[in-house]
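Peer 1: Below you'll find input.cif; it's mmCIF, C-alpha atoms and all ligand atoms.
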```cif
data_final
#
loop_
_atom_site.label_atom_id
_atom_site.label_comp_id
_atom_site.auth_asym_id
_atom_site.auth_seq_id
_atom_site.Cartn_x
_atom_site.Cartn_y
_atom_site.Cartn_z
CA MET A 1 3.97 23.15 -26.72
CA LYS A 2 4.14 19.54 -25.57
CA PRO A 3 1.12 18.17 -23.70
CA HIS A 4 1.85 18.44 -19.99
CA VAL A 5 1.05 15.47 -17.73
CA VAL A 6 1.33 16.16 -14.00
CA ILE A 7 1.52 13.12 -11.72
CA LEU A 8 1.12 13.68 -7.97
CA GLY A 9 3.00 11.03 -6.01
CA ALA A 10 5.93 8.85 -7.11
CA GLY A 11 4.74 5.70 -5.38
CA PHE A 12 3.65 2.42 -6.92
CA GLY A 13 1.07 4.09 -9.16
CA GLY A 14 2.98 7.25 -10.05
CA LEU A 15 6.22 5.41 -10.87
CA GLU A 16 4.48 2.97 -13.19
CA LEU A 17 2.51 5.76 -14.89
CA ALA A 18 5.61 7.88 -15.52
CA SER A 19 7.48 4.81 -16.82
CA SER A 20 4.65 3.76 -19.13
CA LEU A 21 4.26 7.26 -20.60
CA SER A 22 8.01 7.67 -21.08
CA GLU A 23 8.24 4.29 -22.76
CA VAL A 24 5.57 5.19 -25.33
CA HIS A 25 6.12 8.92 -25.84
CA GLY A 26 9.70 9.67 -24.79
CA ASP A 27 10.36 13.40 -25.08
CA ALA A 28 7.13 14.09 -26.98
CA LEU A 29 5.27 14.48 -23.69
CA ALA A 30 6.29 16.65 -20.74
CA VAL A 31 5.68 14.63 -17.60
CA THR A 32 6.15 16.27 -14.20
CA LEU A 33 6.27 13.74 -11.37
CA ILE A 34 5.93 15.34 -7.93
CA ASP A 35 6.83 13.73 -4.60
CA ARG A 36 7.74 15.15 -1.22
CA ALA A 37 10.06 12.25 -0.38
CA ASP A 38 13.54 11.49 -1.73
CA HIS A 39 12.95 7.76 -2.04
CA PHE A 40 10.37 5.04 -2.66
CA ILE A 41 10.03 1.80 -0.74
CA PHE A 42 7.92 -1.27 -1.43
CA GLY A 43 5.24 -1.67 1.27
CA TYR A 44 6.34 -5.22 2.00
CA SER A 45 9.86 -4.03 2.83
CA LYS A 46 8.45 -2.66 6.10
CA LEU A 47 7.94 -6.24 7.33
CA ASP A 48 11.55 -7.07 6.41
CA VAL A 49 12.78 -4.03 8.34
CA MET A 50 10.58 -4.76 11.35
CA PHE A 51 11.85 -8.33 11.68
CA GLY A 52 15.48 -7.32 11.16
CA LYS A 53 15.83 -9.03 7.78
CA LYS A 54 16.88 -5.79 6.02
CA THR A 55 17.93 -2.32 7.09
CA SER A 56 15.89 0.80 6.30
CA ASP A 57 18.72 2.11 4.14
CA ALA A 58 18.84 -1.12 2.14
CA VAL A 59 15.14 -0.92 1.17
CA LYS A 60 15.08 2.77 0.21
CA LEU A 61 15.12 3.34 -3.55
CA SER A 62 16.46 6.83 -4.17
CA TYR A 63 14.67 8.96 -6.74
CA ALA A 64 18.10 10.21 -7.79
CA THR A 65 18.43 7.19 -10.13
CA LEU A 66 15.10 7.84 -11.84
CA VAL A 67 16.06 9.20 -15.24
CA LYS A 68 13.55 8.83 -18.06
CA PRO A 69 13.00 10.64 -21.36
CA GLY A 70 10.26 13.25 -20.96
CA VAL A 71 9.99 12.83 -17.18
CA ARG A 72 11.01 15.55 -14.70
CA LEU A 73 10.87 14.49 -11.07
CA VAL A 74 10.54 17.32 -8.58
CA ARG A 75 10.78 17.08 -4.82
CA GLU A 76 7.89 19.23 -3.66
CA THR A 77 4.92 18.89 -1.31
CA VAL A 78 1.48 19.21 -2.86
CA THR A 79 -0.52 21.75 -0.83
CA ALA A 80 -3.61 22.32 -3.01
CA ILE A 81 -5.32 20.79 -6.02
CA ASP A 82 -7.82 22.61 -8.22
CA PRO A 83 -9.34 19.78 -10.28
CA VAL A 84 -11.45 22.14 -12.42
CA ALA A 85 -8.49 24.23 -13.56
CA ARG A 86 -6.15 21.16 -13.36
CA ARG A 87 -3.84 23.37 -11.32
CA VAL A 88 -1.62 22.05 -8.54
CA THR A 89 0.02 24.19 -5.89
CA THR A 90 3.09 22.96 -4.04
CA ASN A 91 5.42 24.42 -1.45
CA ALA A 92 7.57 25.55 -4.41
CA GLY A 93 5.08 26.90 -6.93
CA VAL A 94 2.26 26.07 -9.33
CA HIS A 95 1.90 23.35 -11.99
CA ASP A 96 -0.76 23.58 -14.71
CA ALA A 97 -1.65 20.27 -16.30
CA ASP A 98 -3.31 19.18 -19.51
CA TYR A 99 -3.65 15.76 -17.88
CA LEU A 100 -3.59 15.41 -14.10
CA VAL A 101 -3.18 12.12 -12.23
CA ILE A 102 -3.46 12.00 -8.45
CA ALA A 103 -1.51 9.11 -6.91
CA LEU A 104 -0.73 10.36 -3.40
CA GLY A 105 -1.49 7.06 -1.62
CA ALA A 106 -3.23 6.76 1.73
CA ASP A 107 -2.27 8.62 4.92
CA TYR A 108 -2.57 7.29 8.46
CA ASP A 109 -4.87 8.72 11.10
CA VAL A 110 -4.44 7.84 14.77
CA SER A 111 -6.56 10.69 16.12
CA GLN A 112 -9.41 8.32 17.01
CA THR A 113 -7.30 5.52 18.49
CA PRO A 114 -5.64 6.75 21.68
CA GLY A 115 -2.49 4.87 22.58
CA ILE A 116 -1.46 4.27 18.96
CA THR A 117 1.41 6.49 17.91
CA LEU A 118 2.79 6.82 14.40
CA GLY A 119 6.41 5.74 14.26
CA LYS A 120 6.08 3.77 17.51
CA ASN A 121 3.60 0.89 17.84
CA GLU A 122 2.41 0.58 14.24
CA LEU A 123 3.90 -1.40 11.38
CA TYR A 124 2.56 0.57 8.40
CA SER A 125 5.14 3.38 8.29
CA LEU A 126 8.87 2.89 7.81
CA ALA A 127 9.48 4.83 11.04
CA GLY A 128 7.14 2.45 12.89
CA ALA A 129 8.81 -0.62 11.40
CA GLU A 130 12.23 0.79 12.28
CA HIS A 131 11.14 1.46 15.87
CA LEU A 132 9.56 -1.98 16.30
CA ARG A 133 12.72 -3.59 14.92
CA HIS A 134 14.35 -2.60 18.22
CA VAL A 135 11.33 -3.38 20.42
CA ILE A 136 10.45 -6.89 19.17
CA PRO A 137 13.80 -8.47 20.18
CA THR A 138 13.17 -7.33 23.77
CA PHE A 139 9.77 -9.08 23.96
CA GLU A 140 10.22 -12.48 25.58
CA ARG A 141 7.12 -13.15 27.67
CA GLY A 142 3.44 -12.15 27.57
CA HIS A 143 0.80 -11.26 25.02
CA ALA A 144 1.44 -9.86 21.56
CA VAL A 145 -1.49 -8.33 19.66
CA ILE A 146 -1.46 -7.42 16.00
CA GLY A 147 -4.44 -5.13 15.64
CA VAL A 148 -6.17 -3.38 12.75
CA CYS A 149 -8.00 -0.15 13.60
CA HIS A 150 -10.24 0.27 10.57
CA ALA A 151 -11.10 -1.03 7.10
CA PRO A 152 -10.30 -0.59 4.28
CA PHE A 153 -6.57 -0.83 4.90
CA LYS A 154 -3.59 -1.35 2.60
CA CYS A 155 -2.54 -4.86 1.68
CA PRO A 156 -5.18 -6.94 3.54
CA PRO A 157 -2.80 -9.95 3.94
CA ALA A 158 -0.10 -7.84 5.69
CA PRO A 159 -1.38 -8.26 9.28
CA SER A 160 -1.59 -12.04 8.77
CA GLU A 161 1.95 -12.03 7.39
CA CYS A 162 3.04 -10.08 10.46
CA ALA A 163 1.49 -12.65 12.83
CA LEU A 164 3.20 -15.57 11.07
CA MET A 165 6.55 -13.78 10.90
CA LEU A 166 6.30 -12.88 14.59
CA HIS A 167 5.68 -16.54 15.40
CA ASP A 168 8.85 -17.53 13.52
CA HIS A 169 10.87 -14.78 15.15
CA LEU A 170 9.81 -15.75 18.69
CA ASP A 171 10.25 -19.43 17.89
CA LYS A 172 13.82 -18.90 16.67
CA ARG A 173 14.62 -17.06 19.90
CA GLY A 174 13.21 -19.94 21.95
CA VAL A 175 10.58 -17.75 23.68
CA ARG A 176 7.47 -18.67 21.68
CA GLY A 177 6.16 -20.89 24.50
CA ALA A 178 6.12 -17.93 26.90
CA CYS A 179 4.17 -15.69 24.50
CA THR A 180 0.71 -15.59 22.92
CA ILE A 181 -0.07 -14.02 19.54
CA THR A 182 -3.52 -12.61 18.71
CA LEU A 183 -4.54 -11.07 15.40
CA VAL A 184 -7.54 -8.69 15.45
CA MET A 185 -9.04 -7.44 12.20
CA PRO A 186 -12.34 -5.96 11.03
CA LEU A 187 -12.61 -8.41 8.12
CA PRO A 188 -14.54 -11.68 8.54
CA LYS A 189 -11.62 -13.70 7.15
CA PRO A 190 -7.92 -13.02 6.51
CA VAL A 191 -8.41 -12.60 2.71
CA PRO A 192 -12.18 -12.42 2.04
CA PRO A 193 -12.17 -12.71 -1.79
CA SER A 194 -10.25 -16.00 -1.63
CA PRO A 195 -11.79 -18.60 0.73
CA GLU A 196 -8.94 -21.00 -0.11
CA THR A 197 -6.31 -18.43 0.92
CA SER A 198 -8.25 -17.59 4.08
CA ASP A 199 -8.56 -21.29 4.97
CA ALA A 200 -4.82 -21.82 4.43
CA LEU A 201 -4.00 -18.86 6.66
CA LEU A 202 -6.48 -19.97 9.34
CA ALA A 203 -4.88 -23.44 9.25
CA ALA A 204 -1.43 -21.86 9.58
CA PHE A 205 -2.65 -19.81 12.58
CA ALA A 206 -4.16 -22.91 14.22
CA GLU A 207 -0.96 -24.94 13.69
CA ARG A 208 1.08 -22.20 15.34
CA GLY A 209 -1.33 -21.39 18.15
CA ILE A 210 -2.13 -17.89 16.82
CA THR A 211 -5.59 -16.63 17.88
CA PHE A 212 -7.57 -14.97 15.09
CA VAL A 213 -10.24 -12.45 16.15
CA PRO A 214 -12.29 -11.50 13.06
CA GLY A 215 -14.87 -8.74 12.65
CA LYS A 216 -13.45 -6.46 15.34
CA LYS A 217 -11.48 -3.24 15.36
CA VAL A 218 -8.93 -1.89 17.77
CA VAL A 219 -10.17 1.41 19.24
CA GLY A 220 -7.26 2.14 21.57
CA VAL A 221 -4.37 0.90 23.65
CA GLU A 222 -4.19 1.77 27.34
CA GLY A 223 -1.27 0.54 29.39
CA GLU A 224 -1.12 -3.21 28.84
CA ARG A 225 -4.72 -3.49 27.48
CA VAL A 226 -5.92 -3.33 23.88
CA LYS A 227 -9.50 -2.05 23.59
CA LEU A 228 -11.80 -3.40 20.89
CA ASP A 229 -14.92 -1.83 19.35
CA ASP A 230 -17.27 -4.31 21.06
CA GLY A 231 -16.12 -3.06 24.48
CA SER A 232 -13.91 -6.08 25.17
CA GLU A 233 -10.22 -5.85 26.06
CA LEU A 234 -7.17 -7.99 25.44
CA PRO A 235 -4.07 -8.14 27.62
CA CYS A 236 -1.06 -6.93 25.65
CA GLN A 237 2.63 -6.41 26.29
CA LEU A 238 3.55 -5.96 22.62
CA PHE A 239 1.19 -4.11 20.27
CA LEU A 240 1.77 -4.04 16.53
CA GLY A 241 -0.89 -1.83 14.99
CA VAL A 242 -2.36 -1.09 11.59
CA PRO A 243 -3.58 2.51 11.85
CA ARG A 244 -6.71 3.82 10.18
CA ASN A 245 -5.96 4.55 6.51
CA ARG A 246 -7.48 7.58 4.84
CA ALA A 247 -7.13 9.79 1.77
CA PRO A 248 -4.63 12.64 2.26
CA ASP A 249 -6.06 15.96 3.53
CA VAL A 250 -5.07 17.73 0.32
CA VAL A 251 -7.48 15.62 -1.78
CA VAL A 252 -10.24 15.94 0.82
CA ALA A 253 -9.78 19.74 0.75
CA ALA A 254 -10.02 19.64 -3.06
CA GLY A 255 -13.55 18.25 -2.71
CA LEU A 256 -12.58 15.04 -4.46
CA THR A 257 -13.70 12.54 -1.80
CA LYS A 258 -16.92 10.85 -0.75
CA ASP A 259 -17.02 8.59 2.32
CA GLY A 260 -13.32 9.27 2.79
CA TRP A 261 -11.98 8.17 -0.61
CA VAL A 262 -11.60 9.84 -4.01
CA THR A 263 -14.62 9.31 -6.25
CA ILE A 264 -13.76 7.88 -9.65
CA ASP A 265 -15.25 5.88 -12.45
CA GLN A 266 -14.08 2.42 -11.31
CA ARG A 267 -13.24 1.26 -14.84
CA THR A 268 -11.50 4.39 -16.24
CA LEU A 269 -10.31 5.85 -12.89
CA GLU A 270 -11.31 9.31 -14.08
CA THR A 271 -12.71 11.67 -11.44
CA PRO A 272 -15.86 13.66 -12.28
CA HIS A 273 -13.44 16.28 -13.63
CA PRO A 274 -12.36 15.67 -17.24
CA ARG A 275 -8.72 14.67 -17.67
CA VAL A 276 -8.22 14.28 -13.94
CA TRP A 277 -7.69 10.72 -12.72
CA ALA A 278 -7.02 9.18 -9.30
CA ILE A 279 -5.16 5.88 -8.96
CA GLY A 280 -3.97 3.69 -6.11
CA ASP A 281 -4.75 3.67 -2.41
CA LEU A 282 -6.54 7.02 -2.20
CA ALA A 283 -9.24 6.13 -4.74
CA ASN A 284 -12.44 4.21 -4.31
CA THR A 285 -11.45 1.71 -7.02
CA GLY A 286 -13.62 -1.17 -5.81
CA ALA A 287 -10.47 -3.31 -5.58
CA PRO A 288 -7.96 -3.80 -2.74
CA LYS A 289 -5.48 -1.13 -1.72
CA ALA A 290 -2.26 -2.76 -2.88
CA GLY A 291 0.71 -1.84 -5.03
CA VAL A 292 -0.10 -4.28 -7.80
CA PHE A 293 -3.54 -2.72 -8.14
CA ALA A 294 -2.09 0.81 -8.20
CA GLU A 295 0.26 -0.39 -10.93
CA ALA A 296 -2.59 -1.86 -13.02
CA ALA A 297 -4.53 1.39 -12.58
CA ALA A 298 -1.48 3.33 -13.80
CA LYS A 299 -1.26 1.21 -16.95
CA THR A 300 -4.94 1.87 -17.68
CA VAL A 301 -4.58 5.63 -17.27
CA ALA A 302 -1.36 5.66 -19.33
CA ALA A 303 -3.20 3.95 -22.19
CA ASN A 304 -6.07 6.43 -22.01
CA ILE A 305 -3.79 9.49 -21.85
CA THR A 306 -1.97 8.09 -24.89
CA SER A 307 -5.28 7.79 -26.77
CA LEU A 308 -6.30 11.33 -25.86
CA VAL A 309 -2.91 12.77 -26.84
CA ARG A 310 -3.31 11.05 -30.22
CA GLY A 311 -6.83 12.40 -30.66
CA GLU A 312 -8.40 8.97 -30.23
CA ALA A 313 -11.17 7.85 -27.90
CA PRO A 314 -9.85 6.35 -24.65
CA THR A 315 -10.92 2.70 -24.36
CA ALA A 316 -8.69 1.11 -21.69
CA LYS A 317 -10.51 -0.30 -18.67
CA TYR A 318 -9.04 -1.02 -15.24
CA PRO A 319 -9.09 -4.82 -14.77
CA GLY A 320 -9.37 -4.78 -10.94
CA ALA A 321 -7.25 -7.93 -10.84
CA GLY A 322 -3.82 -8.69 -9.49
CA SER A 323 -1.74 -11.05 -7.44
CA CYS A 324 -0.20 -10.65 -4.01
CA TYR A 325 2.60 -12.57 -2.34
CA ILE A 326 2.00 -13.65 1.25
CA GLU A 327 4.81 -14.37 3.72
CA VAL A 328 3.77 -17.44 5.70
CA GLY A 329 6.94 -17.95 7.74
CA GLY A 330 9.64 -20.57 7.36
CA ASP A 331 10.93 -18.50 4.42
CA LYS A 332 8.04 -19.75 2.32
CA ILE A 333 5.69 -17.55 0.36
CA ALA A 334 2.14 -18.14 -0.88
CA ARG A 335 0.41 -16.22 -3.63
CA VAL A 336 -3.18 -15.18 -4.17
CA VAL A 337 -4.56 -13.98 -7.49
CA VAL A 338 -7.72 -11.93 -7.04
CA ASP A 339 -10.15 -10.69 -9.63
CA PHE A 340 -12.76 -8.12 -8.62
CA PHE A 341 -14.52 -7.24 -11.84
CA SER A 342 -14.75 -10.27 -14.16
CA GLY A 343 -17.56 -12.09 -12.39
CA PRO A 344 -20.62 -11.24 -10.33
CA LYS A 345 -18.49 -11.29 -7.18
CA PRO A 346 -14.75 -11.10 -6.44
CA THR A 347 -12.80 -14.34 -6.81
CA GLY A 348 -9.37 -15.48 -5.68
CA THR A 349 -7.03 -18.32 -6.59
CA PHE A 350 -4.56 -19.62 -4.03
CA HIS A 351 -1.03 -20.84 -4.79
CA ALA A 352 0.33 -22.91 -1.91
CA PRO A 353 3.44 -21.72 -0.04
CA SER A 354 6.79 -22.67 -1.55
CA LEU A 355 10.39 -21.55 -1.75
CA GLU A 356 9.96 -21.04 -5.52
CA LEU A 357 7.41 -18.31 -4.84
CA ARG A 358 10.07 -16.50 -2.79
CA ALA A 359 12.17 -16.38 -5.96
CA ASP A 360 9.08 -15.05 -7.80
CA LYS A 361 8.67 -12.27 -5.23
CA GLU A 362 12.35 -11.33 -5.55
CA GLN A 363 11.84 -11.19 -9.30
CA PHE A 364 8.75 -8.99 -8.83
CA GLY A 365 10.86 -6.48 -6.88
CA SER A 366 13.84 -6.57 -9.21
CA THR A 367 11.78 -6.01 -12.38
CA ARG A 368 10.23 -2.87 -10.81
CA ARG A 369 13.63 -1.66 -9.57
CA ALA A 370 14.94 -2.03 -13.13
CA ARG A 371 11.89 -0.56 -14.88
CA TRP A 372 11.37 2.42 -12.60
CA PHE A 373 14.89 3.17 -11.35
CA GLY A 374 17.20 1.63 -13.95
CA LEU A 375 18.78 -0.56 -11.25
CA HIS A 376 20.06 -3.89 -12.58
C1 LIG A 401 3.26 -3.49 5.62
C2 LIG A 401 2.80 -3.36 4.19
C3 LIG A 401 2.95 -4.43 3.32
C4 LIG A 401 2.51 -4.33 1.99
N1 LIG A 401 2.70 -5.38 1.13
C5 LIG A 401 2.28 -5.28 -0.15
C6 LIG A 401 2.50 -6.36 -1.07
O1 LIG A 401 3.09 -7.40 -0.72
N2 LIG A 401 2.04 -6.21 -2.34
C7 LIG A 401 1.41 -5.07 -2.74
O2 LIG A 401 1.02 -4.98 -3.92
N3 LIG A 401 1.19 -4.04 -1.91
C8 LIG A 401 1.61 -4.12 -0.63
N4 LIG A 401 1.41 -3.07 0.23
C9 LIG A 401 0.59 -1.93 -0.19
C10 LIG A 401 1.34 -0.95 -1.09
O3 LIG A 401 2.51 -0.49 -0.45
C11 LIG A 401 0.44 0.24 -1.43
O4 LIG A 401 -0.85 -0.23 -1.75
C12 LIG A 401 1.00 1.01 -2.61
O5 LIG A 401 2.23 1.59 -2.28
C13 LIG A 401 0.01 2.07 -3.08
O6 LIG A 401 0.54 2.79 -4.15
P1 LIG A 401 0.11 4.31 -4.39
O7 LIG A 401 0.79 4.71 -5.64
O8 LIG A 401 -1.35 4.47 -4.28
O9 LIG A 401 0.70 5.10 -3.14
P2 LIG A 401 2.18 5.11 -2.51
O10 LIG A 401 3.03 4.01 -3.06
O11 LIG A 401 1.96 5.17 -1.04
O12 LIG A 401 2.76 6.48 -3.03
C14 LIG A 401 2.25 7.74 -2.66
C15 LIG A 401 3.37 8.77 -2.84
O13 LIG A 401 2.80 10.07 -2.66
C16 LIG A 401 3.72 10.87 -1.93
N5 LIG A 401 2.95 11.93 -1.28
C17 LIG A 401 1.93 11.80 -0.42
N6 LIG A 401 1.43 12.99 -0.09
C18 LIG A 401 2.17 13.91 -0.74
C19 LIG A 401 2.11 15.34 -0.86
N7 LIG A 401 1.21 16.07 -0.20
N8 LIG A 401 3.00 15.95 -1.67
C20 LIG A 401 3.92 15.23 -2.37
N9 LIG A 401 4.01 13.88 -2.31
C21 LIG A 401 3.14 13.24 -1.52
C22 LIG A 401 4.38 9.91 -0.97
O14 LIG A 401 5.65 10.39 -0.56
C23 LIG A 401 4.47 8.63 -1.79
O15 LIG A 401 5.71 8.49 -2.44
C24 LIG A 401 1.88 -3.13 1.55
C25 LIG A 401 1.74 -2.05 2.43
C26 LIG A 401 2.20 -2.15 3.73
C27 LIG A 401 2.06 -0.96 4.66
#
```
Once you've parsed the file, please lay out its structure as structure tokens.
Ligand SMILES: Cc1cc2nc3c(=O)[nH]c(=O)nc-3n(C[C@H](O)[C@H](O)[C@H](O)COP(=O)(O)OP(=O)(O)OC[C@H]3O[C@@H](n4cnc5c(N)ncnc54)[C@H](O)[C@@H]3O)c2cc1C
Peer 2:
Amino acid sequence: MKPHVVILGAGFGGLELASSLSEVHGDALAVTLIDRADHFIFGYSKLDVMFGKKTSDAVKLSYATLVKPGVRLVRETVTAIDPVARRVTTNAGVHDADYLVIALGADYDVSQTPGITLGKNELYSLAGAEHLRHVIPTFERGHAVIGVCHAPFKCPPAPSECALMLHDHLDKRGVRGACTITLVMPLPKPVPPSPETSDALLAAFAERGITFVPGKKVVGVEGERVKLDDGSELPCQLFLGVPRNRAPDVVVAAGLTKDGWVTIDQRTLETPHPRVWAIGDLANTGAPKAGVFAEAAAKTVAANITSLVRGEAPTAKYPGAGSCYIEVGGDKIARVVVDFFSGPKPTGTFHAPSLELRADKEQFGSTRRARWFGLH
């Protein structure tokens, strides 16, 4: 019998993990990769869809092209996880794992923010981005608010990117002068681990007349008013929201979470249950919720599963470091490299916006498309 690895979720983390294991072990391992969707999309593609730069169909990467030795991808919905027995129940049956990796990402919860509707006035789901793609071109006068409902949230730079891209969009249409843009977020700065990146973004906001409201959360939207957690309100004719992020119900029901996120050893990503790991957005990794971090976590777990399969002690440690591209408008892109574990506190290095970094970002996407989906 081949060792059986079951990976829940074929997102950033799950795709990299399946690819890494297939690369090293080929058919010698049986990897079952489970996802309820029929496609993957990069998180950043939602911004492209929302601002009409790409269509939804163009950014969907179909799982049909994922063919890898040893990997079986099944389209099923995970309904229960027993981490002690390493047994997963789906809408189609049961999977027993020798090694179980949970990579189901973060879900969105709008139950505590009245007036925010998934697929309508939020930019974090593809449905929301697709809806807003048709709404934004009709906005020509008044107040736009980009508002974050809770922290932590995926890709901390994304709301700042949205504000800068909205500025460009309105500017190109010749209506920027008739509109205001306000960005509300619970963080003290746009990218807290990198003061240089935060300063550059704050300077970009100031240059473009974008108002930054730090340290506050959106608690609801009522008519043309956005309500904040300090009791204040903002006028708003266009709301672009970042809903509360949380671990999926199925991992909460499995008793795997504390304070809303899956408990793990932050360096090995193992849960308290032997041979059960959690990677990516749903885990309390101590690092940001971003694809590059999910990918690094996947590489760590792949190395440790490889050691265990070979009867060796697992020694790989999650680096908690990675780099993110930041759209700053004008087709330029900046980059921040953050490192959460090397020093006494997180650090970040800023790379100034350039057109060359756009080429880098394209390359980032195309290497993953090739590695995970065989698309060249
Ligand atoms: C607007 C926006 C911009 C972003 N920009 C960037 C960026 O520039 N760089 C970056 O690194 N990150 C970015 N991100 C964040 C990035 O998309 C996520 O951090 C990353 O996808 C997390 O990977 P993951 O593997 O944890 O989860 P995901 O990639 O979300 O994958 C989870 C998978 O699990 C599946 N799933 C969930 N529940 C079930 C279930 N019950 N049964 C079966 N399958 C299930 C889902 O279908 C999904 O395929 C951005 C996100 C957003 C929203």
Peer 1: Could you please determine the separation between CA of Ala92 in chain A and atom N9 of ligand LIG 401 (chain A) in Å, to one decimal place?
Peer 2: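 Interatomic distance here is 12.4 Å.
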Peer 1: Determine, counting all atoms listed in the file, which protein, DNA and RNA residues have an atom within 9 Å of an atom of range 258-269 of chain A; residues of the same chain fewer than 6 positions away are not included. Present the result as a PyMOL selection string.
Peer 2: chain A and resi 246-247+251-252+276-279+281-287+297+300-301+304+314-320
Peer 1: Kindly provide, as a PyMOL selection string, all nucleotide and amino acid residues lying within 6 Å of ligand LIG 401 (chain A), counting all atoms listed in the file.
Peer 2: chain A and resi 9-14+34-37+40+42-44+46-47+76-79+103-105+124+154-155+158+280-281+289-292+294+324-325
Peer 1: Could you name the residues that touch range 338-349 of chain A at 6 Å or less, counting all atoms listed in the file, but leaving out those on the same chain fewer than 4 positions away, as JSON, numbers by chain?
Peer 2: {"A": [193, 194, 320, 321, 322]}
Peer 1: Quick one: distance from CA of Thr32 in chain A to CA of Val94 in chain A in Å, one decimal?
Peer 2: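 Atom-to-atom, CA of Thr32 in chain A to CA of Val94 in chain A, that is 11.6 Å.
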